[in-house]
Structure formats: C-alpha cells, structure tokens
file run-v7.csv (CSV, C-alpha atoms)
chain,number,residue,atom,x,y,z
A,1,MET,CA,61.7,7.2,40.5
A,2,ARG,CA,60.5,10.5,41.9
A,3,ARG,CA,60.6,12.1,38.5
A,4,ARG,CA,58.5,9.3,37.0
A,5,ARG,CA,55.9,9.7,39.7
A,6,TRP,CA,55.9,13.5,39.2
A,7,LYS,CA,55.4,13.1,35.5
A,8,THR,CA,52.5,10.7,36.1
A,9,ALA,CA,50.8,13.1,38.5
A,10,VAL,CA,51.1,16.0,36.0
A,11,ALA,CA,49.7,13.8,33.2
A,12,LEU,CA,46.7,12.7,35.3
A,13,PHE,CA,46.1,16.3,36.4
A,14,THR,CA,46.1,17.5,32.8
A,15,ALA,CA,43.8,14.7,31.7
A,16,SER,CA,41.3,15.6,34.3
A,17,PHE,CA,40.4,18.8,32.4
A,18,LEU,CA,39.5,16.6,29.4
A,19,LEU,CA,37.1,14.6,31.4
A,20,ALA,CA,34.9,17.5,32.5
A,21,GLY,CA,31.4,16.8,31.2
A,22,CYS,CA,29.6,20.1,31.6
A,23,TRP,CA,31.1,22.1,28.8
A,24,SER,CA,28.0,21.8,26.6
A,25,HIS,CA,25.3,21.5,29.3
A,26,LYS,CA,21.9,23.1,28.7
A,27,GLU,CA,19.5,24.1,31.5
A,28,LEU,CA,16.0,22.8,31.2
A,29,THR,CA,14.7,26.3,31.5
A,30,ASP,CA,16.6,27.2,28.3
A,31,ILE,CA,15.3,24.6,26.0
A,32,ALA,CA,11.9,23.7,24.5
A,33,PHE,CA,11.2,20.0,23.8
A,34,VAL,CA,9.7,19.5,20.4
A,35,SER,CA,7.6,16.3,20.2
A,36,ALA,CA,6.4,16.7,16.6
A,37,ILE,CA,7.2,18.8,13.5
A,38,GLY,CA,4.8,19.6,10.7
A,39,ILE,CA,5.9,20.8,7.2
A,40,ASP,CA,3.6,22.6,4.7
A,41,ARG,CA,4.4,24.4,1.5
A,42,LEU,CA,2.7,27.7,1.2
A,43,GLU,CA,1.3,29.4,-1.9
A,44,ASN,CA,4.2,31.8,-2.0
A,45,GLY,CA,6.6,28.8,-2.2
A,46,ASN,CA,7.8,29.2,1.4
A,47,TYR,CA,7.9,26.4,4.0
A,48,LEU,CA,5.8,26.6,7.1
A,49,LEU,CA,7.1,24.6,10.0
A,50,THR,CA,4.8,23.8,12.9
A,51,TYR,CA,6.4,22.7,16.1
A,52,GLN,CA,4.5,20.8,18.8
A,53,ILE,CA,6.2,21.8,22.0
A,54,VAL,CA,5.7,19.9,25.3
A,55,ASN,CA,4.4,21.8,28.3
A,56,SER,CA,5.9,19.6,30.9
A,57,LEU,CA,4.3,21.3,33.8
A,58,ASN,CA,0.8,20.4,32.5
A,59,ILE,CA,1.6,16.7,32.2
A,60,PRO,CA,0.6,14.5,35.2
A,61,SER,CA,3.4,12.4,36.7
A,62,GLY,CA,3.6,9.6,39.2
A,63,MET,CA,0.3,9.1,41.0
A,64,GLN,CA,-1.1,12.4,39.8
A,65,THR,CA,-4.4,12.1,37.9
A,66,SER,CA,-4.1,15.5,36.3
A,67,GLY,CA,-1.3,18.0,35.6
A,68,GLY,CA,-1.6,21.8,35.3
A,69,GLN,CA,-4.6,23.7,34.0
A,70,GLY,CA,-3.3,24.4,30.5
A,71,PRO,CA,-2.8,22.2,27.4
A,72,THR,CA,0.0,19.6,27.4
A,73,VAL,CA,1.4,21.0,24.2
A,74,THR,CA,1.9,24.4,22.6
A,75,ILE,CA,2.0,25.2,18.9
A,76,PHE,CA,4.7,27.4,17.5
A,77,GLN,CA,5.3,28.2,13.8
A,78,THR,CA,8.0,29.7,11.6
A,79,GLU,CA,8.3,30.4,7.9
A,80,GLY,CA,11.2,30.4,5.5
A,81,LYS,CA,12.2,30.1,1.9
A,82,THR,CA,13.8,26.8,2.8
A,83,VAL,CA,13.4,24.3,5.6
A,84,GLU,CA,16.7,25.5,7.1
A,85,ASP,CA,15.5,29.2,6.9
A,86,ALA,CA,12.4,28.3,8.8
A,87,PHE,CA,14.5,26.6,11.5
A,88,LEU,CA,16.7,29.6,11.8
A,89,ALA,CA,13.7,31.8,12.2
A,90,ALA,CA,12.8,30.1,15.4
A,91,GLY,CA,16.0,31.6,17.0
A,92,ARG,CA,14.7,35.1,16.2
A,93,GLU,CA,11.3,34.6,17.6
A,94,MET,CA,11.5,32.2,20.5
A,95,SER,CA,13.0,32.7,24.0
A,96,ARG,CA,14.2,29.0,24.3
A,97,ARG,CA,16.3,26.8,22.1
A,98,LEU,CA,14.3,24.2,20.2
A,99,TYR,CA,15.4,20.7,21.3
A,100,PHE,CA,14.8,17.9,18.7
A,101,SER,CA,16.2,14.8,20.4
A,102,HIS,CA,12.7,13.8,21.6
A,103,THR,CA,10.9,14.6,18.3
A,104,SER,CA,9.1,11.4,17.4
A,105,VAL,CA,6.9,12.5,14.5
A,106,LEU,CA,7.6,14.3,11.2
A,107,LEU,CA,4.3,15.1,9.5
A,108,ILE,CA,4.3,16.4,5.9
A,109,GLY,CA,1.3,18.1,4.3
A,110,LYS,CA,-0.5,16.3,1.5
A,111,SER,CA,0.3,18.9,-1.3
A,112,THR,CA,3.9,19.2,0.0
A,113,ALA,CA,4.4,15.4,-0.3
A,114,GLU,CA,2.9,15.5,-3.9
A,115,ASN,CA,5.6,18.0,-4.9
A,116,GLY,CA,8.4,15.8,-3.4
A,117,ILE,CA,9.9,15.1,0.0
A,118,TYR,CA,13.6,14.9,-1.0
A,119,PRO,CA,14.6,18.4,0.3
A,120,ILE,CA,12.7,17.7,3.6
A,121,ILE,CA,14.2,14.3,4.3
A,122,ASP,CA,17.7,15.5,3.4
A,123,ILE,CA,17.9,18.2,6.1
A,124,PHE,CA,16.4,16.0,8.8
A,125,ASP,CA,18.9,13.2,7.9
A,126,ARG,CA,21.8,15.7,8.3
A,127,ASN,CA,20.6,17.3,11.5
A,128,LYS,CA,22.6,15.6,14.3
A,129,GLU,CA,19.9,16.4,16.9
A,130,PHE,CA,17.1,14.8,15.0
A,131,ARG,CA,16.8,11.0,15.5
A,132,ASN,CA,16.3,8.8,12.5
A,133,THR,CA,13.8,6.7,14.5
A,134,ALA,CA,11.2,9.5,14.2
A,135,SER,CA,8.1,8.4,12.2
A,136,VAL,CA,7.4,10.0,8.9
A,137,LEU,CA,3.8,10.4,7.8
A,138,ILE,CA,1.5,12.5,5.6
A,139,ALA,CA,-1.5,14.6,6.6
A,140,ARG,CA,-4.1,12.7,4.6
A,141,ASN,CA,-6.8,15.3,4.2
A,142,GLY,CA,-4.9,18.6,4.2
A,143,LYS,CA,-2.2,20.5,6.1
A,144,ALA,CA,0.2,19.2,8.7
A,145,GLU,CA,-0.4,22.2,10.9
A,146,ASP,CA,-4.2,21.3,11.2
A,147,VAL,CA,-3.4,17.8,12.4
A,148,LEU,CA,-0.7,18.9,15.0
A,149,LYS,CA,-3.0,21.5,16.5
A,150,VAL,CA,-5.6,19.0,17.6
A,151,LEU,CA,-5.5,17.9,21.2
A,152,THR,CA,-5.9,14.2,22.1
A,153,PRO,CA,-7.9,13.0,25.2
A,154,ILE,CA,-6.3,9.6,26.2
A,155,GLU,CA,-2.6,10.2,25.2
A,156,ARG,CA,-1.8,13.6,26.6
A,157,ILE,CA,0.9,14.1,24.0
A,158,PRO,CA,-0.6,14.0,20.5
A,159,SER,CA,2.6,12.6,18.9
A,160,ASN,CA,2.4,9.6,21.3
A,161,LYS,CA,-1.1,8.9,20.1
A,162,ILE,CA,0.0,9.0,16.5
A,163,ASN,CA,3.0,6.6,17.0
A,164,LYS,CA,1.1,4.2,19.2
A,165,THR,CA,-1.9,4.0,16.9
A,166,LEU,CA,0.2,3.3,13.8
A,167,GLU,CA,2.3,0.7,15.6
A,168,TYR,CA,-0.8,-1.2,16.9
A,169,ALA,CA,-2.6,-0.9,13.6
A,170,GLN,CA,0.4,-2.1,11.6
A,171,GLU,CA,1.1,-5.2,13.6
A,172,ASP,CA,-2.3,-6.3,14.9
A,173,VAL,CA,-4.8,-5.1,12.3
A,174,GLY,CA,-2.9,-4.5,9.0
A,175,GLY,CA,-3.3,-1.9,6.3
A,176,ARG,CA,-1.4,0.7,8.1
A,177,VAL,CA,2.4,1.4,8.1
A,178,LYS,CA,4.7,3.1,10.6
A,179,THR,CA,7.8,4.3,8.6
A,180,ASP,CA,10.7,6.0,10.3
A,181,ILE,CA,13.4,8.1,8.7
A,182,SER,CA,15.9,5.3,8.4
A,183,ASP,CA,13.4,3.0,6.7
A,184,LEU,CA,12.4,5.8,4.3
A,185,LEU,CA,16.0,6.6,3.4
A,186,TYR,CA,16.6,2.9,2.7
A,187,ASP,CA,13.6,2.7,0.4
A,188,LEU,CA,14.4,5.9,-1.4
A,189,THR,CA,18.0,4.8,-2.1
A,190,THR,CA,17.5,1.1,-2.9
A,191,GLU,CA,17.3,-0.1,-6.5
A,192,GLY,CA,14.1,-2.0,-7.3
A,193,LYS,CA,12.0,-0.6,-4.4
A,194,GLU,CA,9.8,2.4,-3.8
A,195,ALA,CA,8.7,3.8,-0.5
A,196,VAL,CA,5.4,3.8,1.5
A,197,VAL,CA,4.5,6.0,4.4
A,198,GLY,CA,1.6,6.1,6.9
A,199,SER,CA,-0.9,8.9,7.2
A,200,PHE,CA,-3.1,10.6,9.8
A,201,LYS,CA,-6.2,12.7,9.2
A,202,LEU,CA,-8.3,15.1,11.1
A,203,ILE,CA,-12.0,14.3,11.6
A,204,GLY,CA,-14.4,17.0,12.7
A,205,ASP,CA,-14.2,20.7,13.5
A,206,LYS,CA,-10.5,21.6,13.6
A,207,LYS,CA,-11.1,24.9,15.4
A,208,LYS,CA,-12.9,23.2,18.3
A,209,GLY,CA,-10.3,20.5,18.3
A,210,GLU,CA,-7.6,23.0,19.3
A,211,MET,CA,-9.5,24.1,22.4
A,212,LEU,CA,-8.8,22.5,25.8
A,213,GLU,CA,-12.5,22.7,26.6
A,214,SER,CA,-13.2,20.2,23.8
A,215,GLN,CA,-11.5,17.4,25.9
A,216,ASN,CA,-14.0,17.8,28.8
A,217,GLN,CA,-16.8,15.9,27.0
A,218,THR,CA,-17.6,12.3,26.1
A,219,GLU,CA,-18.1,13.0,22.3
A,220,LEU,CA,-15.2,14.9,20.8
A,221,ASP,CA,-15.8,17.7,18.3
A,222,ALA,CA,-12.6,16.7,16.5
A,223,TYR,CA,-10.2,13.8,16.7
A,224,LEU,CA,-7.3,12.2,14.9
A,225,THR,CA,-7.3,8.8,13.2
A,226,SER,CA,-4.9,6.9,11.0
A,227,GLY,CA,-5.4,7.0,7.3
A,228,GLY,CA,-4.4,4.7,4.4
A,229,ILE,CA,-0.9,4.1,3.0
A,230,GLY,CA,0.8,6.8,1.0
A,231,ILE,CA,2.6,5.5,-2.1
A,232,LEU,CA,5.7,7.4,-3.1
A,233,LYS,CA,7.4,7.1,-6.4
A,234,HIS,CA,10.7,8.9,-6.8
A,235,GLY,CA,10.0,10.7,-3.6
A,236,LYS,CA,6.6,12.1,-4.6
A,237,LEU,CA,3.1,11.0,-3.4
A,238,ILE,CA,1.2,9.5,-6.3
A,239,ASP,CA,-1.6,7.4,-4.7
A,240,TRP,CA,-3.4,6.3,-1.5
A,241,VAL,CA,-4.1,2.7,-0.8
A,242,GLY,CA,-6.6,1.4,1.7
A,243,GLY,CA,-8.8,-1.6,2.5
A,244,GLN,CA,-7.6,-5.1,1.4
A,245,ASP,CA,-5.0,-3.7,-1.0
A,246,ALA,CA,-3.3,-1.9,1.9
A,247,LEU,CA,-3.4,-5.2,3.9
A,248,THR,CA,-1.6,-6.9,1.0
A,249,ILE,CA,1.2,-4.3,1.2
A,250,THR,CA,1.7,-4.7,5.0
A,251,TRP,CA,1.6,-8.5,4.5
A,252,LEU,CA,4.2,-8.6,1.8
A,253,LEU,CA,6.4,-6.1,3.7
A,254,LYS,CA,6.2,-8.5,6.7
A,255,LYS,CA,4.9,-5.8,9.0
A,256,THR,CA,1.5,-7.4,9.9
A,257,LYS,CA,1.5,-10.3,12.3
A,258,MET,CA,-2.3,-10.5,13.1
A,259,THR,CA,-5.4,-9.5,11.4
A,260,SER,CA,-9.1,-10.5,10.8
A,261,LEU,CA,-10.5,-12.1,7.7
A,262,ASP,CA,-14.2,-12.5,6.8
A,263,LEU,CA,-15.6,-15.2,4.6
A,264,ASP,CA,-19.0,-15.7,2.8
A,265,TRP,CA,-20.4,-19.1,3.7
A,266,ALA,CA,-23.6,-21.0,3.1
A,267,HIS,CA,-25.0,-18.2,1.0
A,268,HIS,CA,-24.5,-15.7,3.8
A,269,PRO,CA,-22.2,-12.7,3.4
A,270,ASN,CA,-19.4,-12.3,6.0
A,271,ALA,CA,-20.7,-15.4,7.8
A,272,LEU,CA,-17.3,-16.4,9.3
A,273,GLY,CA,-14.6,-14.3,10.9
A,274,LEU,CA,-11.1,-15.7,11.2
A,275,GLN,CA,-8.7,-14.1,13.7
A,276,VAL,CA,-5.2,-14.6,12.3
A,277,ARG,CA,-2.6,-15.1,15.1
A,278,LYS,CA,0.4,-16.1,13.0
A,279,THR,CA,1.6,-15.0,9.6
A,280,ILE,CA,4.6,-16.4,7.7
A,281,ILE,CA,5.6,-14.9,4.3
A,282,GLY,CA,8.1,-16.3,1.9
A,283,MET,CA,9.0,-14.6,-1.4
A,284,LYS,CA,11.5,-15.8,-4.0
A,285,PRO,CA,12.3,-14.6,-7.5
A,286,ALA,CA,12.8,-17.0,-10.4
A,287,MET,CA,13.8,-16.7,-14.1
A,288,LYS,CA,11.7,-18.4,-16.8
A,289,ASN,CA,12.6,-18.1,-20.4
A,290,GLY,CA,14.8,-15.2,-19.6
A,291,LYS,CA,12.0,-13.3,-17.8
A,292,PRO,CA,11.7,-12.8,-14.1
A,293,GLU,CA,8.7,-13.9,-12.0
A,294,MET,CA,7.9,-13.9,-8.3
A,295,HIS,CA,6.7,-16.8,-6.2
A,296,ILE,CA,4.9,-15.9,-3.0
A,297,HIS,CA,4.0,-18.3,-0.2
A,298,ILE,CA,1.8,-17.1,2.7
A,299,SER,CA,0.9,-19.3,5.7
A,300,LEU,CA,-1.8,-18.1,8.1
A,301,VAL,CA,-2.8,-19.7,11.4
A,302,GLY,CA,-5.8,-18.5,13.3
A,303,GLN,CA,-9.1,-19.3,15.1
A,304,LEU,CA,-12.7,-18.7,14.2
A,305,GLN,CA,-13.7,-15.6,16.1
A,306,GLU,CA,-17.2,-15.3,14.6
A,307,ILE,CA,-19.7,-17.8,13.2
A,308,ASN,CA,-23.0,-16.5,12.0
A,309,VAL,CA,-24.4,-19.6,10.3
A,310,PRO,CA,-25.1,-23.1,11.6
A,311,LEU,CA,-21.8,-25.0,11.5
A,312,ASP,CA,-20.3,-28.1,12.9
A,313,VAL,CA,-16.7,-27.1,13.7
A,314,LEU,CA,-15.9,-30.7,14.8
A,315,ASP,CA,-16.5,-31.9,11.2
A,316,SER,CA,-13.0,-32.1,9.8
A,317,LYS,CA,-14.2,-32.3,6.2
A,318,GLU,CA,-16.3,-29.1,6.6
A,319,MET,CA,-13.4,-27.3,8.3
A,320,ALA,CA,-11.1,-28.4,5.4
A,321,ARG,CA,-13.5,-26.9,2.9
A,322,ILE,CA,-13.5,-23.6,4.9
A,323,GLU,CA,-9.7,-23.5,5.0
A,324,LYS,CA,-9.6,-24.0,1.2
A,325,ALA,CA,-12.2,-21.2,0.7
A,326,TYR,CA,-10.0,-18.9,2.9
A,327,GLU,CA,-6.9,-19.8,0.9
A,328,LYS,CA,-8.6,-18.9,-2.3
A,329,ASN,CA,-9.8,-15.6,-0.9
A,330,VAL,CA,-6.3,-14.8,0.4
A,331,GLU,CA,-4.7,-15.6,-3.0
A,332,GLN,CA,-7.3,-13.4,-4.8
A,333,GLN,CA,-6.8,-10.6,-2.3
A,334,ILE,CA,-3.0,-10.6,-2.7
A,335,ASN,CA,-3.2,-10.7,-6.5
A,336,HIS,CA,-5.6,-7.8,-6.5
A,337,GLY,CA,-3.2,-5.7,-4.3
A,338,ILE,CA,-0.3,-6.5,-6.5
A,339,ARG,CA,-2.2,-5.6,-9.6
A,340,HIS,CA,-3.1,-2.2,-8.0
A,341,MET,CA,0.6,-1.4,-7.6
A,342,GLN,CA,1.4,-2.7,-11.1
A,343,HIS,CA,-1.2,-0.3,-12.4
A,344,ASP,CA,0.6,2.5,-10.5
A,345,GLN,CA,3.9,1.2,-11.9
A,346,CYS,CA,5.4,1.4,-8.4
A,347,ASP,CA,7.2,-1.5,-6.9
A,348,VAL,CA,6.7,-0.9,-3.2
A,349,PHE,CA,7.1,-4.6,-2.4
A,350,GLY,CA,10.8,-4.6,-3.3
A,351,PHE,CA,10.5,-7.4,-6.0
A,352,GLY,CA,13.1,-5.6,-8.0
A,353,GLU,CA,15.5,-5.6,-5.1
A,354,MET,CA,15.0,-9.4,-4.6
A,355,ILE,CA,15.7,-10.0,-8.3
A,356,TYR,CA,18.8,-7.9,-8.1
A,357,ARG,CA,20.2,-9.9,-5.2
A,358,GLN,CA,19.3,-13.3,-6.7
A,359,TYR,CA,20.1,-12.5,-10.4
A,360,PRO,CA,22.6,-9.6,-10.5
A,361,LYS,CA,23.7,-10.2,-14.1
A,362,GLU,CA,20.1,-10.3,-15.4
A,363,TRP,CA,19.2,-7.3,-13.3
A,364,HIS,CA,21.6,-5.1,-15.3
A,365,SER,CA,19.2,-5.2,-18.3
A,366,LEU,CA,16.1,-4.9,-16.1
A,367,ARG,CA,17.1,-2.0,-13.9
A,368,HIS,CA,16.3,0.7,-16.4
A,369,HIS,CA,12.6,1.6,-16.2
A,370,TRP,CA,12.0,-1.3,-13.9
A,371,ASN,CA,8.7,0.1,-12.6
A,372,GLU,CA,7.3,0.8,-16.0
A,373,LYS,CA,8.6,-2.1,-18.1
A,374,GLY,CA,9.5,-4.8,-15.5
A,375,PHE,CA,7.3,-4.6,-12.5
A,376,ALA,CA,4.2,-3.5,-14.3
A,377,HIS,CA,4.2,-6.8,-16.4
A,378,LEU,CA,5.8,-9.1,-13.8
A,379,ASN,CA,4.2,-12.5,-13.5
A,380,VAL,CA,3.5,-13.2,-9.8
A,381,LYS,CA,2.3,-16.6,-8.5
A,382,VAL,CA,0.7,-16.7,-5.1
A,383,HIS,CA,0.1,-19.8,-2.9
A,384,ALA,CA,-1.7,-19.5,0.4
A,385,ASN,CA,-2.0,-22.0,3.2
A,386,VAL,CA,-4.6,-21.4,6.0
A,387,VAL,CA,-4.9,-23.5,9.2
A,388,ILE,CA,-7.8,-23.0,11.5
A,389,ALA,CA,-6.5,-24.1,14.9
A,390,ASN,CA,-9.6,-23.7,17.0
A,391,SER,CA,-12.9,-21.8,17.5
A,392,GLU,CA,-12.1,-20.0,20.8
A,393,LEU,CA,-14.1,-21.0,23.9
A,394,ARG,CA,-17.0,-22.6,22.0
A,395,THR,CA,-17.3,-25.3,19.4
A,396,ASN,CA,-20.6,-25.1,17.5
A,397,PRO,CA,-22.3,-21.7,17.5
A,398,PHE,CA,-25.2,-21.5,20.1
A,399,HIS,CA,-27.8,-20.7,17.4
A,400,SER,CA,-27.3,-24.1,15.9
A,401,ASN,CA,-29.3,-25.4,18.9
A,402,LEU,CA,-32.0,-22.8,19.0
A,403,LYS,CA,-35.6,-24.1,19.4
call {"tool": "encode", "arguments": {"input": "run-v7.csv", "output": "structure tokens"}}
result
Amino acid sequence: MRRRRWKTAVALFTASFLLAGCWSHKELTDIAFVSAIGIDRLENGNYLLTYQIVNSLNIPSGMQTSGGQGPTVTIFQTEGKTVEDAFLAAGREMSRRLYFSHTSVLLIGKSTAENGIYPIIDIFDRNKEFRNTASVLIARNGKAEDVLKVLTPIERIPSNKINKTLEYAQEDVGGRVKTDISDLLYDLTTEGKEAVVGSFKLIGDKKKGEMLESQNQTELDAYLTSGGIGILKHGKLIDWVGGQDALTITWLLKKTKMTSLDLDWAHHPNALGLQVRKTIIGMKPAMKNGKPEMHIHISLVGQLQEINVPLDVLDSKEMARIEKAYEKNVEQQINHGIRHMQHDQCDVFGFGEMIYRQYPKEWHSLRHHWNEKGFAHLNVKVHANVVIANSELRTNPFHSNLK
C-alpha cells in the first residue's frame, strides 16, 4: 500500500513539470503588436512589407479622453526577394519581435494584385501566428504603404477603421465586401467559383495625411475610404466593380441585408427611396435540353424612406404598381450585374459550384473552361418580389397638402 502511494506521489511530482505554462512566455516589452501589413512589389522585383505597429502608450484607455502625445501607430518597413525574406529582415533591423496574432488587415498593392496573390496568401496561410480571420483587401489607387501610413481621426487604430467600415458597408449599404483569408482560400480552391476582395483608397495629400497635426482640424487633408470590389481570376486582379453591379455581387453572395433603392416615378427621376430592411435570396441550378441554367429568386421587404412627388400611400393599387416597378428595376439591375461578370468571364457568384453540387455527372463535361464556355453563356432567370411594409412615421408626403 505504501509503495503504491509512493509511486503515485512520484508520478504526480513528475507530471507537475509538464504543466508549467511559462516556458514560452514573452514580455510585452519584447514584442511589437502589428495591426496591419501592406505588401507591394517594387520595380526591382523585391517585396516591400509595411508594418503598422501599435503604440499602446498613445492609445486612451478607460475614462481617458486622450492618450500620449504621439501617433497611435508607427510604420516600419522591410524589403526582401520573397515575402519570407522581408519578414526575416525585420529581425535584423528591429529591437522587438513582431507579433502577428492581432493583425487584422492584409493590404495588397494594386499592381502586386494584378501580378497574382498566390505567393502572398500561401505564406500567410502557413504562418501559425497569423490569424485566418484577417481581412484581405487591395489598395485601390496605388500602393499599400501609402494607405497604411495615413492616420485616422475617429478610430485611433487605422486597421480598425478599415475593418469596421467594410463590415458596415457590406451588410447595411451593399456594394462592398469584407473578405478574410479563410474566405479567400475557399474561393481560390473551389471549382466553379472565383474570388472577390474589398478595397480601400487614399483621398487627398498623402504626405499631410501621415502627420499627426493633420488630425487637429475639422477638414482633413487626407482620409481613407472604401473602394469598389476587386475581381480576381486565377488569383489575379482583372477588374473593379462598383455601383449597382457591385450591389448585385453582394446580394447574390448573401452578404448584404439592408440597402437603399431609388425609383423614378410620375416623370420625376429618383422620386422614391426604398429602405430595404430584409433580403432573402434563393438560387437553384437546373438542366434544360442538356444545358445548365440558373434560377434566382430575391425577396425584399422595406419602407418608403423618401417621397418627392405627391403620392397617396394609403392607395393599395398605387402601392402595388410601385412594388411592381421596383421588382422590374431589381430584376434589370441583377441581370446587368450578371452580364458584367459574364463579359469578364469570371464566375464570382459560384454558379458553377452550385451546378457541380446539384449535377455532379453533368459538371464533369462543364468544368473545363467553365468561365469562358459555360458561365459566359449561362442562361440566368431572375424573379424579384418587393414588399413595401410602411412609409415610416408619415403616410402621405407633406407637400401633397401645400397651399
């Protein structure tokens, strides 16, 4: 009995060494938190990496209204023949170890994206410190380094501004996308689907935008704003899509819940404004005479947010005509956006993937050159249903009763 207790005590004592949790600890004074990374390809073929490093002492916390006197982020750059070489260069030039677990933005320069993003995504997918929830986007009007150097006034960390702007615009406005690394990897490796990414661009004087003094004024010399949707084909940027065609993409990808739609009425342009509060999308492939086709059903529920013509909103027949007019506009808009992508021969909607899942045998003969021979000539039928639930706090517009 005593020997058994002795053996148990020795085993527990030995196991305690395995439970020690400080063997790989890192002091905060030894690491630098990277909030965003920018990647540009230089003329000499090398990669330029731009790190946006958080200055935690200059960020207000708790009830503080302001932090330190300096900027909330610092820019640090390295160069290498490959992305990995550029990463290793940081160890030779910086006093702290770069820490990527809090990196939330991977920004790729426009020309770099046009040449292909496969080598970039591969290394970030392999890096165990880099989270696959980080947003991937493209610098719309130039280099990634120019965008990351600009300070932002409301969100003290610029990467937070980028993520929050894209998230809000994608869900509540439409025409913008927030794509993370895991989403991008899925699109790049899935048959019958191409990838889309969001973008951000710099407006104004980039040199003044880097200065802390530029934040102490009501009108900024430079600021960041979201751009259109970048279309990737085989990992290369081939086109930009904006406006209503971009809204079609976010609708059919089921990323947009709310948006606003204008309608010409009574010979007045943009006379009515519908605030869409609920969106339901249904898409189903079908085979007809041995050829695939897609059927799309979209249901929108909203309320009249703007009425610029005399209108009796209590007239059910009049409201039914307005709903029919909206349905026609939505169908035309979606068809136009699909034709745009068919012209690019790039199936970003994943129609090919749906056909593959529904008709795997037929897909075998369609998979080769799907974008060019299948998607580009695909027959797509769109049916819209619009319901106007109410007209906010007022029924008829006040100008209907003007003297």
call {"tool": "closest_atom_pairs", "arguments": {"input": "run-v7.csv", "of": "segment 234-316 of chain A", "to": "segment 382-391 of chain A", "cutoff": "7 Å", "atoms": "all atoms listed in the file", "output": "JSON lines"}}
result
{"residue": "A:His295", "atom": "CA", "partner": "A:Val382", "partner_atom": "CA", "distance": 6.1}
{"residue": "A:Ile296", "atom": "CA", "partner": "A:Val382", "partner_atom": "CA", "distance": 4.8}
{"residue": "A:His297", "atom": "CA", "partner": "A:His383", "partner_atom": "CA", "distance": 5.0}
{"residue": "A:Ile298", "atom": "CA", "partner": "A:Ala384", "partner_atom": "CA", "distance": 4.8}
{"residue": "A:Ser299", "atom": "CA", "partner": "A:Asn385", "partner_atom": "CA", "distance": 4.7}
{"residue": "A:Leu300", "atom": "CA", "partner": "A:Val386", "partner_atom": "CA", "distance": 4.8}
{"residue": "A:Val301", "atom": "CA", "partner": "A:Val387", "partner_atom": "CA", "distance": 4.9}
{"residue": "A:Gly302", "atom": "CA", "partner": "A:Ile388", "partner_atom": "CA", "distance": 5.2}
{"residue": "A:Gln303", "atom": "CA", "partner": "A:Asn390", "partner_atom": "CA", "distance": 4.8}
{"residue": "A:Leu304", "atom": "CA", "partner": "A:Ser391", "partner_atom": "CA", "distance": 4.5}
{"residue": "A:Gln305", "atom": "CA", "partner": "A:Ser391", "partner_atom": "CA", "distance": 6.4}
call {"tool": "closest_residue", "arguments": {"input": "run-v7.csv", "among": "A:Asp122, A:Asp172, A:Asp205, A:Glu167", "to": "Val150 of chain A", "atoms": "all atoms listed in the file"}}
result
A:Asp205
call {"tool": "residues_near_point", "arguments": {"input": "run-v7.csv", "point": "(-15.4, -18.2, -2.7)", "cutoff": "12 Å", "atoms": "only C-alpha atoms", "output": "ChimeraX atom specification"}}
result
/A:262-270,321-333
call {"tool": "closest_residue", "arguments": {"input": "run-v7.csv", "among": "A:Ile53, A:Leu107, A:Ile154, A:Val147", "to": "Thr179 of chain A", "atoms": "only C-alpha atoms"}}
result
A:Leu107
call {"tool": "atom_distance", "arguments": {"input": "run-v7.csv", "atom1": "atom CA of Leu48 of chain A", "atom2": "atom CA of Ala144 of chain A"}}
result
9.4 Å
call {"tool": "atom_distance", "arguments": {"input": "run-v7.csv", "atom1": "atom CA of Asn371 of chain A", "atom2": "atom CA of Ile338 of chain A"}}
result
12.7 Å
call {"tool": "closest_residue", "arguments": {"input": "run-v7.csv", "among": "A:Ile231, A:Thr72, A:Ile157, A:Ser182", "to": "Leu212 of chain A", "atoms": "all atoms listed in the file"}}
result
A:Thr72
call {"tool": "closest_residue", "arguments": {"input": "run-v7.csv", "among": "A:Tyr51, A:His234, A:Thr256, A:Thr78", "to": "Thr189 of chain A", "atoms": "all atoms listed in the file"}}
result
A:His234
call {"tool": "residues_around", "arguments": {"input": "run-v7.csv", "residues": "Tyr359 of chain A", "least_positions_apart": "3", "cutoff": "10 Å", "atoms": "only C-alpha atoms", "output": "count of residues only"}}
result
11
call {"tool": "atom_distance", "arguments": {"input": "run-v7.csv", "atom1": "atom CA of Trp251 of chain A", "atom2": "atom CA of Val309 of chain A"}}
result
28.9 Å
call {"tool": "closest_residue", "arguments": {"input": "run-v7.csv", "among": "A:Pro153, A:Gly142, A:Gly243, A:Gly235", "to": "Val173 of chain A", "atoms": "all atoms listed in the file"}}
result
A:Gly243
call {"tool": "closest_residue", "arguments": {"input": "run-v7.csv", "among": "A:Thr152, A:Ser316, A:Thr190, A:Asn115", "to": "Gly352 of chain A", "atoms": "all atoms listed in the file"}}
result
A:Thr190
call {"tool": "residues_near_point", "arguments": {"input": "run-v7.csv", "point": "(5.4, 0.6, 9.6)", "cutoff": "8 Å", "atoms": "only C-alpha atoms", "output": "number ranges by chain"}}
result
A: 166-167, 170, 176-180, 197-198, 250, 255
call {"tool": "residues_around", "arguments": {"input": "run-v7.csv", "residues": "Gly80 of chain A", "least_positions_apart": "4", "cutoff": "10 Å", "atoms": "all atoms listed in the file", "output": "ChimeraX atom specification"}}
result
/A:41-42,45-49,84-89
call {"tool": "write_last_selection", "arguments": {"input": "run-v7.csv", "atoms": "C-alpha atoms", "output": "mmCIF file, in the coordinates of the input"}}
result
data_model
loop_
_atom_site.group_PDB
_atom_site.id
_atom_site.type_symbol
_atom_site.label_atom_id
_atom_site.label_comp_id
_atom_site.auth_asym_id
_atom_site.auth_seq_id
_atom_site.Cartn_x
_atom_site.Cartn_y
_atom_site.Cartn_z
ATOM 1 C CA ARG A 41 4.400 24.400 1.500
ATOM 2 C CA LEU A 42 2.700 27.700 1.200
ATOM 3 C CA GLY A 45 6.600 28.800 -2.200
ATOM 4 C CA ASN A 46 7.800 29.200 1.400
ATOM 5 C CA TYR A 47 7.900 26.400 4.000
ATOM 6 C CA LEU A 48 5.800 26.600 7.100
ATOM 7 C CA LEU A 49 7.100 24.600 10.000
ATOM 8 C CA GLU A 84 16.700 25.500 7.100
ATOM 9 C CA ASP A 85 15.500 29.200 6.900
ATOM 10 C CA ALA A 86 12.400 28.300 8.800
ATOM 11 C CA PHE A 87 14.500 26.600 11.500
ATOM 12 C CA LEU A 88 16.700 29.600 11.800
ATOM 13 C CA ALA A 89 13.700 31.800 12.200
#
call {"tool": "residues_around", "arguments": {"input": "run-v7.csv", "residues": "Thr248 of chain A", "least_positions_apart": "6", "cutoff": "9 Å", "atoms": "all atoms listed in the file", "output": "PyMOL selection string"}}
result
chain A and resi 174-175+333-338
